[in-house]
$ cat work23.txt   # compact mmCIF, C-alpha atoms
# COMPACT_ATOMS: atom_id res chain seq x y z
CA MET A 1 0.00 0.00 0.00
CA ASP A 2 1.42 3.36 -1.04
CA LEU A 3 0.87 5.83 1.83
CA GLY A 4 1.49 8.83 -0.42
CA LEU A 5 4.44 10.12 1.60
CA LYS A 6 7.22 10.25 -0.99
CA ALA A 7 9.29 13.45 -0.68
CA LYS A 8 7.45 14.59 2.45
CA ASN A 9 9.61 16.17 5.15
CA ALA A 10 9.32 14.48 8.55
CA ILE A 11 10.70 15.58 11.90
CA ILE A 12 10.91 12.73 14.40
CA CYS A 13 11.86 13.82 17.90
CA ALA A 14 14.02 11.73 20.21
CA SER A 15 14.71 9.22 17.45
CA SER A 16 18.21 7.86 17.91
CA GLN A 17 16.73 4.71 19.47
CA GLY A 18 13.51 3.07 20.61
CA LEU A 19 10.08 4.02 19.36
CA GLY A 20 11.26 7.28 17.82
CA TYR A 21 13.80 5.39 15.74
CA ALA A 22 11.09 2.90 14.71
CA CYS A 23 8.94 5.77 13.43
CA ALA A 24 11.91 7.26 11.57
CA LEU A 25 12.59 3.92 9.90
CA ALA A 26 8.98 3.44 8.84
CA LEU A 27 8.71 6.94 7.37
CA ALA A 28 12.07 6.66 5.61
CA GLN A 29 10.87 3.39 4.06
CA GLU A 30 7.87 5.31 2.71
CA GLY A 31 10.16 7.79 0.95
CA CYS A 32 10.14 10.68 3.40
CA ALA A 33 13.13 12.93 3.97
CA VAL A 34 13.63 12.30 7.67
CA PHE A 35 15.11 14.63 10.26
CA ILE A 36 16.08 12.66 13.34
CA ASN A 37 16.91 14.14 16.71
CA GLY A 38 18.85 13.37 19.86
CA ARG A 39 21.20 14.96 22.37
CA HIS A 40 24.26 12.77 21.76
CA ALA A 41 26.05 13.47 18.48
CA GLU A 42 27.85 10.13 18.02
CA LYS A 43 24.80 8.04 18.82
CA LEU A 44 22.63 10.15 16.52
CA ALA A 45 25.14 9.99 13.67
CA ALA A 46 25.26 6.20 13.96
CA ALA A 47 21.46 5.99 13.87
CA ALA A 48 21.36 8.24 10.80
CA GLU A 49 23.88 6.08 8.94
CA THR A 50 21.98 2.90 9.80
CA LEU A 51 18.77 4.45 8.48
CA ARG A 52 20.48 5.54 5.26
CA GLN A 53 21.90 2.07 4.67
CA ALA A 54 18.52 0.43 5.38
CA THR A 55 16.32 2.74 3.30
CA GLY A 56 18.34 4.90 0.93
CA ALA A 57 16.36 7.89 2.18
CA ARG A 58 17.69 11.36 2.94
CA ILE A 59 18.38 11.36 6.67
CA THR A 60 19.45 14.52 8.51
CA PRO A 61 20.57 14.23 12.14
CA VAL A 62 19.90 17.26 14.35
CA VAL A 63 21.61 17.34 17.73
CA ALA A 64 19.25 19.29 19.98
CA ASP A 65 17.71 19.24 23.45
CA LEU A 66 13.95 19.45 22.91
CA ASN A 67 13.44 20.85 26.39
CA THR A 68 15.09 24.13 25.46
CA ASP A 69 14.09 26.99 23.16
CA ALA A 70 17.51 26.78 21.49
CA GLY A 71 17.11 23.06 20.83
CA ARG A 72 13.70 23.47 19.27
CA ARG A 73 14.96 26.35 17.13
CA SER A 74 17.80 24.17 15.86
CA LEU A 75 15.40 21.41 14.89
CA LEU A 76 13.09 23.79 13.02
CA ALA A 77 16.02 25.56 11.35
CA ALA A 78 17.03 22.21 9.84
CA CYS A 79 13.47 21.55 8.66
CA PRO A 80 11.52 24.81 8.56
CA GLU A 81 8.53 23.40 6.64
CA PRO A 82 7.80 19.93 7.99
CA ASP A 83 4.90 17.96 6.57
CA ILE A 84 5.07 15.54 9.49
CA LEU A 85 5.97 16.05 13.14
CA VAL A 86 6.35 13.09 15.47
CA ASN A 87 6.60 14.34 19.04
CA ASN A 88 8.51 12.08 21.39
CA ASN A 89 10.67 12.55 24.47
CA ALA A 90 12.08 10.55 27.32
CA GLY A 91 9.63 9.85 30.11
CA PRO A 92 10.33 10.60 33.76
CA PRO A 93 11.33 7.74 36.04
CA PRO A 94 8.67 5.94 38.08
CA GLY A 95 8.33 6.76 41.73
CA GLN A 96 5.91 7.88 44.42
CA LEU A 97 4.13 11.15 45.09
CA ALA A 98 6.42 11.83 48.05
CA ASP A 99 9.43 11.62 45.71
CA TRP A 100 8.25 14.33 43.32
CA ASP A 101 9.21 17.82 44.38
CA HIS A 102 8.63 21.02 42.41
CA ALA A 103 11.69 20.47 40.23
CA ALA A 104 10.55 16.94 39.31
CA TRP A 105 7.15 18.23 38.23
CA ILE A 106 8.65 21.02 36.15
CA SER A 107 11.03 18.59 34.46
CA ALA A 108 8.20 16.20 33.58
CA LEU A 109 6.05 18.99 32.18
CA GLU A 110 8.94 20.38 30.12
CA SER A 111 9.70 16.98 28.61
CA ASN A 112 6.26 15.48 28.09
CA LEU A 113 3.94 18.44 27.58
CA LEU A 114 5.65 21.74 26.84
CA SER A 115 8.26 20.57 24.33
CA ALA A 116 5.55 19.04 22.13
CA ALA A 117 3.13 21.94 22.64
CA LEU A 118 5.73 24.52 21.63
CA LEU A 119 6.75 22.56 18.54
CA MET A 120 3.11 22.27 17.49
CA ARG A 121 2.74 26.01 18.02
CA GLU A 122 5.53 26.58 15.50
CA VAL A 123 4.57 24.08 12.78
CA ILE A 124 0.77 24.06 12.66
CA PRO A 125 0.34 27.47 10.97
CA GLY A 126 2.61 26.46 8.09
CA MET A 127 0.99 23.06 7.75
CA ARG A 128 -2.42 24.69 7.56
CA ALA A 129 -1.24 27.20 4.97
CA ARG A 130 0.17 24.36 2.81
CA ARG A 131 -2.97 22.28 3.46
CA PHE A 132 -1.14 19.19 4.58
CA GLY A 133 0.12 18.19 7.99
CA ARG A 134 0.38 15.11 10.14
CA ILE A 135 1.26 15.36 13.82
CA VAL A 136 1.69 12.20 15.87
CA ASN A 137 2.41 12.38 19.59
CA ILE A 138 3.98 9.37 21.26
CA THR A 139 2.41 9.37 24.71
CA SER A 140 1.70 6.32 26.88
CA ALA A 141 -0.95 3.73 27.70
CA MET A 142 -0.86 5.27 31.18
CA VAL A 143 -2.91 8.18 29.82
CA LYS A 144 -5.94 5.86 29.82
CA THR A 145 -4.91 3.48 32.61
CA PRO A 146 -2.96 5.52 35.18
CA HIS A 147 -0.68 3.80 37.67
CA ALA A 148 0.45 5.65 40.76
CA ALA A 149 4.12 4.94 40.10
CA MET A 150 3.87 6.61 36.69
CA GLY A 151 2.08 9.70 37.95
CA LEU A 152 4.58 12.21 36.57
CA SER A 153 4.39 10.77 33.08
CA THR A 154 0.61 10.33 33.18
CA ALA A 155 -0.11 13.87 34.34
CA ALA A 156 2.10 15.55 31.75
CA ARG A 157 0.97 13.36 28.87
CA ALA A 158 -2.69 13.67 29.77
CA GLY A 159 -2.23 17.41 29.41
CA LEU A 160 -0.74 16.92 25.95
CA THR A 161 -3.65 14.64 25.06
CA ALA A 162 -6.18 17.31 26.01
CA LEU A 163 -4.34 20.03 24.10
CA SER A 164 -4.03 17.82 21.02
CA LYS A 165 -7.75 17.06 21.01
CA ALA A 166 -8.59 20.74 21.17
CA LEU A 167 -6.18 21.69 18.38
CA ALA A 168 -7.26 18.77 16.20
CA ARG A 169 -10.79 20.11 15.92
CA GLU A 170 -9.50 23.37 14.48
CA ALA A 171 -6.72 22.11 12.21
CA ILE A 172 -8.64 19.36 10.42
CA ILE A 173 -10.36 21.83 8.09
CA ASP A 174 -6.96 22.42 6.46
CA ASN A 175 -6.02 18.73 6.20
CA VAL A 176 -3.84 18.82 9.32
CA THR A 177 -4.38 15.90 11.67
CA ILE A 178 -3.20 15.40 15.24
CA ASN A 179 -3.26 11.92 16.75
CA ASN A 180 -1.61 10.11 19.64
CA LEU A 181 0.02 6.68 19.89
CA LEU A 182 -0.22 5.08 23.34
CA PRO A 183 2.42 2.35 23.71
CA GLU A 184 2.82 -0.17 26.47
CA ARG A 185 5.64 -2.70 26.89
CA PHE A 186 7.59 -2.42 23.65
CA ASP A 187 11.03 -4.00 23.43
CA THR A 188 13.01 -0.77 23.72
CA PRO A 189 15.69 0.64 26.02
CA ARG A 190 12.87 1.93 28.23
CA GLN A 191 11.74 -1.63 28.94
CA GLU A 192 15.33 -2.64 29.55
CA PHE A 193 15.47 0.10 32.19
CA MET A 194 12.29 -1.26 33.77
CA ALA A 195 13.67 -4.81 33.71
CA GLN A 196 16.90 -3.71 35.37
CA ARG A 197 14.88 -1.89 38.03
CA MET A 198 12.81 -5.03 38.67
CA MET A 199 15.97 -7.16 38.89
CA LYS A 200 17.36 -4.95 41.66
CA GLU A 201 14.08 -4.70 43.57
CA SER A 202 13.14 -8.40 43.37
CA GLY A 203 16.52 -10.14 43.15
CA ILE A 204 15.67 -11.94 39.91
CA THR A 205 17.44 -12.52 36.60
CA ARG A 206 16.99 -10.42 33.49
CA ASP A 207 15.05 -13.19 31.72
CA GLU A 208 12.76 -13.52 34.73
CA ALA A 209 12.19 -9.76 34.81
CA ARG A 210 11.40 -9.58 31.11
CA GLY A 211 9.10 -12.57 31.47
CA ARG A 212 7.18 -10.88 34.27
CA ILE A 213 6.84 -7.72 32.20
CA ALA A 214 5.58 -9.66 29.17
CA ALA A 215 3.13 -11.60 31.35
CA THR A 216 1.31 -8.38 32.23
CA LEU A 217 -0.03 -8.30 28.66
CA PRO A 218 -2.61 -10.67 27.16
CA ALA A 219 -0.25 -11.07 24.18
CA ASN A 220 2.37 -12.44 26.63
CA ARG A 221 5.18 -10.76 24.72
CA LEU A 222 6.79 -7.37 24.34
CA GLY A 223 5.80 -5.31 21.33
CA ASP A 224 8.08 -5.16 18.29
CA PRO A 225 9.10 -1.53 17.61
CA GLN A 226 8.51 -2.10 13.90
CA GLU A 227 4.84 -2.68 14.69
CA PHE A 228 4.79 0.71 16.34
CA GLY A 229 6.53 2.40 13.42
CA ALA A 230 3.96 0.98 11.01
CA ALA A 231 1.12 2.47 13.05
CA CYS A 232 2.85 5.84 13.03
CA ALA A 233 3.27 5.72 9.24
CA PHE A 234 -0.43 4.90 8.83
CA PHE A 235 -1.45 7.97 10.84
CA CYS A 236 0.85 10.06 8.62
CA ALA A 237 -0.52 8.72 5.32
CA SER A 238 -2.02 11.07 2.76
CA THR A 239 -5.12 8.86 2.91
CA SER A 240 -5.51 9.26 6.69
CA GLY A 241 -6.82 12.82 6.54
CA PHE A 242 -10.20 11.90 8.06
CA ILE A 243 -8.64 10.53 11.26
CA THR A 244 -7.81 13.10 13.91
CA GLY A 245 -7.98 13.64 17.66
CA GLN A 246 -7.59 9.91 18.26
CA ASN A 247 -5.65 7.86 20.83
CA LEU A 248 -4.51 4.52 19.45
CA GLN A 249 -3.36 2.00 22.04
CA LEU A 250 -0.61 -0.40 21.07
CA ASP A 251 -0.58 -2.55 24.17
CA GLY A 252 -0.93 -6.24 23.33
CA GLY A 253 -4.57 -6.21 24.49
CA ALA A 254 -3.86 -4.78 27.95
CA TYR A 255 -6.60 -2.15 27.95
CA SER A 256 -9.70 -3.82 29.37
CA ALA A 257 -12.39 -1.14 29.05
CA LEU A 258 -14.90 -1.06 26.20
CA VAL A 259 -14.07 2.39 24.77

$ encode --input "work23.txt" --output "structure tokens"
Amino acid sequence: MDLGLKAKNAIICASSQGLGYACALALAQEGCAVFINGRHAEKLAAAAETLRQATGARITPVVADLNTDAGRRSLLAACPEPDILVNNNAGPPPGQLADWDHAAWISALESNLLSAALLMREVIPGMRARRFGRIVNITSAMVKTPHAAMGLSTAARAGLTALSKALAREAIIDNVTINNLLPERFDTPRQEFMAQRMMKESGITRDEARGRIAATLPANRLGDPQEFGAACAFFCASTSGFITGQNLQLDGGAYSALV
């Protein structure tokens, strides 16, 4: 299926690894010129070269901290007229309410709400003027099924979800869509972090920790990042212009409610 994305310009935030990288790969495979982002130059350059070798697409690495005005300016200077924006950023660590002081809250909001909101503020007017735009926010399954230990992440990303829904209703008239992908338990460095944490807390092996994590899902396995990238590409397709303001869960069947 041709998604109609050849020669589109795509910014994918926090994409040197994990789910961001999976989205970059999927969009590069569809013929997009892809602008990937990270804070570590060597790691980002290696990811860019791997993507080039795998897809033959034009890949531009942009070293930038999304949590700063300067970082966001650098990203938009490299790609001033993006057709696609995939918002992504590292999530805060799990913990308890008593652990989260004012600085922790500000950090979570900067990373998982404000960085995406400010990028959308910059790109949506141009997308609307050109009458094409696809914005995909990578949030979390915790937006719909909050867990106390993930309160920082849930609160910030729920705010982004609400903002996106409001903006989506306005932008759709100009063929600009805004949708969210809600992952849970994909086989990424984030899950490796969670497995290592479980190993220390429970005194178990890595295989046992990963098995316990997988067992929390009806699918009884971790998600493949390529599955996630394919969903992102679908939301970005030229034929997906009637889908906006949606939250798609990619969670191996974990969500138990009806709607």

$ closest_atom_pairs --input "work23.txt" --of "stretch 23-61 of chain A" --to "stretch 77-88 of chain A" --cutoff "10 Å" --atoms "all atoms listed in the file" --output "Markdown table"
| residue | atom | partner | partner_atom | distance |
| --- | --- | --- | --- | --- |
| A:Cys23 | CA | A:Val86 | CA | 8.0 |
| A:Ala24 | CA | A:Val86 | CA | 9.0 |
| A:Leu27 | CA | A:Ile84 | CA | 9.6 |
| A:Cys32 | CA | A:Ile84 | CA | 9.3 |
| A:Ala33 | CA | A:Pro82 | CA | 9.7 |
| A:Val34 | CA | A:Cys79 | CA | 9.3 |
| A:Phe35 | CA | A:Cys79 | CA | 7.3 |
| A:Ile36 | CA | A:Val86 | CA | 10.0 |
| A:Asn37 | CA | A:Asn88 | CA | 9.8 |
| A:Thr60 | CA | A:Ala78 | CA | 8.2 |
| A:Pro61 | CA | A:Ala78 | CA | 9.0 |

$ closest_residue --input "work23.txt" --among "A:Gly245, A:Gly38, A:Gly252, A:Gly18" --to "A:Leu160" --atoms "all atoms listed in the file"
A:Gly245

$ closest_residue --input "work23.txt" --among "A:Arg121, A:Arg206, A:His40, A:Arg212" --to "A:Leu163" --atoms "all atoms listed in the file"
A:Arg121

$ closest_residue --input "work23.txt" --among "A:Leu181, A:Ser164, A:Ala209, A:Val176" --to "A:Phe132" --atoms "all atoms listed in the file"
A:Val176

$ axis_aligned_box --input "work23.txt" --around "stretch 171-176 of chain A" --padding-each-side "5 Å" --output "lines of an AutoDock Vina configuration file"
center_x = -7.1
center_y = 20.6
center_z = 9.2
size_x = 16.5
size_y = 13.7
size_z = 16.0

$ atom_distance --input "work23.txt" --atom1 "atom CA of A:Cys232" --atom2 "atom CA of A:Asn67"
22.7 Å

$ closest_residue --input "work23.txt" --among "A:Thr239, A:Gln246, A:Thr68, A:Asn89" --to "A:Ala14" --atoms "all atoms listed in the file"
A:Asn89

$ atom_distance --input "work23.txt" --atom1 "atom CA of A:Gly91" --atom2 "atom CA of A:Ser111"
7.3 Å

$ residues_around --input "work23.txt" --residues "stretch 225-231 of chain A" --least-positions-apart "4" --cutoff "9 Å" --atoms "all atoms listed in the file" --output "ChimeraX atom specification"
/A:18-27,181,183,186-188,235-236,248,250

$ atom_distance --input "work23.txt" --atom1 "atom CA of A:Val136" --atom2 "atom CA of A:Leu3"
15.4 Å

$ residues_around --input "work23.txt" --residues "A:Ile124" --least-positions-apart "3" --cutoff "9 Å" --atoms "all atoms listed in the file" --output "list in words"
Leu119, Met120, Arg121, Met127, Arg128, Ala129, Gly133, Ile135, Ala171 and Val176 of chain A

$ closest_residue --input "work23.txt" --among "A:Val143, A:Leu76, A:Met150, A:Ala70" --to "A:Gln249" --atoms "all atoms listed in the file"
A:Val143

$ closest_residue --input "work23.txt" --among "A:Ser140, A:Ser115, A:Gln29, A:Ser107" --to "A:Leu5" --atoms "all atoms listed in the file"
A:Gln29

$ build_atoms --input "work23.txt" --residues "stretch 211-242 of chain A" --atoms "N, CA and C atoms" --output "short mmCIF file (atom, residue, chain, number, x, y, z; two decimals), in the frame of the given file"
data_model
loop_
_atom_site.label_atom_id
_atom_site.label_comp_id
_atom_site.auth_asym_id
_atom_site.auth_seq_id
_atom_site.Cartn_x
_atom_site.Cartn_y
_atom_site.Cartn_z
N GLY A 211 10.25 -11.68 31.51
CA GLY A 211 9.10 -12.57 31.47
C GLY A 211 7.94 -12.03 32.29
N ARG A 212 8.24 -11.46 33.44
CA ARG A 212 7.18 -10.88 34.27
C ARG A 212 6.55 -9.68 33.57
N ILE A 213 7.37 -8.87 32.92
CA ILE A 213 6.84 -7.72 32.20
C ILE A 213 5.93 -8.19 31.07
N ALA A 214 6.38 -9.15 30.29
CA ALA A 214 5.58 -9.66 29.17
C ALA A 214 4.28 -10.27 29.66
N ALA A 215 4.32 -10.92 30.82
CA ALA A 215 3.13 -11.60 31.35
C ALA A 215 2.04 -10.64 31.78
N THR A 216 2.35 -9.35 31.89
CA THR A 216 1.31 -8.38 32.23
C THR A 216 0.40 -8.08 31.05
N LEU A 217 0.76 -8.55 29.86
CA LEU A 217 -0.03 -8.30 28.66
C LEU A 217 -0.72 -9.57 28.20
N PRO A 218 -1.96 -9.49 27.72
CA PRO A 218 -2.61 -10.67 27.16
C PRO A 218 -1.81 -11.31 26.03
N ALA A 219 -1.07 -10.52 25.27
CA ALA A 219 -0.25 -11.07 24.18
C ALA A 219 0.92 -11.90 24.71
N ASN A 220 1.27 -11.72 25.97
CA ASN A 220 2.37 -12.44 26.63
C ASN A 220 3.70 -12.27 25.88
N ARG A 221 3.91 -11.10 25.35
CA ARG A 221 5.18 -10.76 24.72
C ARG A 221 5.33 -9.25 24.71
N LEU A 222 6.56 -8.79 24.55
CA LEU A 222 6.79 -7.37 24.34
C LEU A 222 6.48 -7.01 22.88
N GLY A 223 6.07 -5.77 22.68
CA GLY A 223 5.80 -5.31 21.33
C GLY A 223 7.07 -5.15 20.52
N ASP A 224 6.97 -5.38 19.22
CA ASP A 224 8.08 -5.16 18.29
C ASP A 224 8.04 -3.69 17.86
N PRO A 225 9.12 -2.93 18.03
CA PRO A 225 9.10 -1.53 17.61
C PRO A 225 8.68 -1.31 16.17
N GLN A 226 8.94 -2.28 15.28
CA GLN A 226 8.51 -2.10 13.90
C GLN A 226 6.99 -2.07 13.78
N GLU A 227 6.30 -2.76 14.67
CA GLU A 227 4.84 -2.68 14.69
C GLU A 227 4.39 -1.27 15.03
N PHE A 228 5.11 -0.66 15.94
CA PHE A 228 4.79 0.71 16.34
C PHE A 228 5.06 1.68 15.20
N GLY A 229 6.20 1.53 14.55
CA GLY A 229 6.53 2.40 13.42
C GLY A 229 5.49 2.33 12.32
N ALA A 230 4.98 1.14 12.05
CA ALA A 230 3.96 0.98 11.01
C ALA A 230 2.69 1.73 11.36
N ALA A 231 2.31 1.74 12.63
CA ALA A 231 1.12 2.47 13.05
C ALA A 231 1.34 3.98 12.89
N CYS A 232 2.53 4.43 13.20
CA CYS A 232 2.85 5.84 13.03
C CYS A 232 2.75 6.23 11.56
N ALA A 233 3.31 5.43 10.67
CA ALA A 233 3.27 5.72 9.24
C ALA A 233 1.83 5.77 8.73
N PHE A 234 0.98 4.89 9.25
CA PHE A 234 -0.43 4.90 8.83
C PHE A 234 -1.10 6.21 9.21
N PHE A 235 -0.87 6.69 10.43
CA PHE A 235 -1.45 7.97 10.84
C PHE A 235 -0.96 9.12 9.96
N CYS A 236 0.26 9.00 9.44
CA CYS A 236 0.85 10.06 8.62
C CYS A 236 0.43 9.99 7.16
N ALA A 237 -0.22 8.94 6.74
CA ALA A 237 -0.52 8.72 5.32
C ALA A 237 -1.37 9.83 4.73
N SER A 238 -1.19 10.07 3.44
CA SER A 238 -2.02 11.07 2.76
C SER A 238 -3.49 10.66 2.77
N THR A 239 -3.75 9.36 2.89
CA THR A 239 -5.12 8.86 2.91
C THR A 239 -5.72 8.78 4.31
N SER A 240 -5.01 9.30 5.31
CA SER A 240 -5.51 9.26 6.69
C SER A 240 -6.03 10.63 7.15
N GLY A 241 -6.41 11.47 6.21
CA GLY A 241 -6.82 12.82 6.54
C GLY A 241 -8.15 12.95 7.23
N PHE A 242 -8.90 11.85 7.38
CA PHE A 242 -10.20 11.90 8.06
C PHE A 242 -10.10 11.35 9.49
#
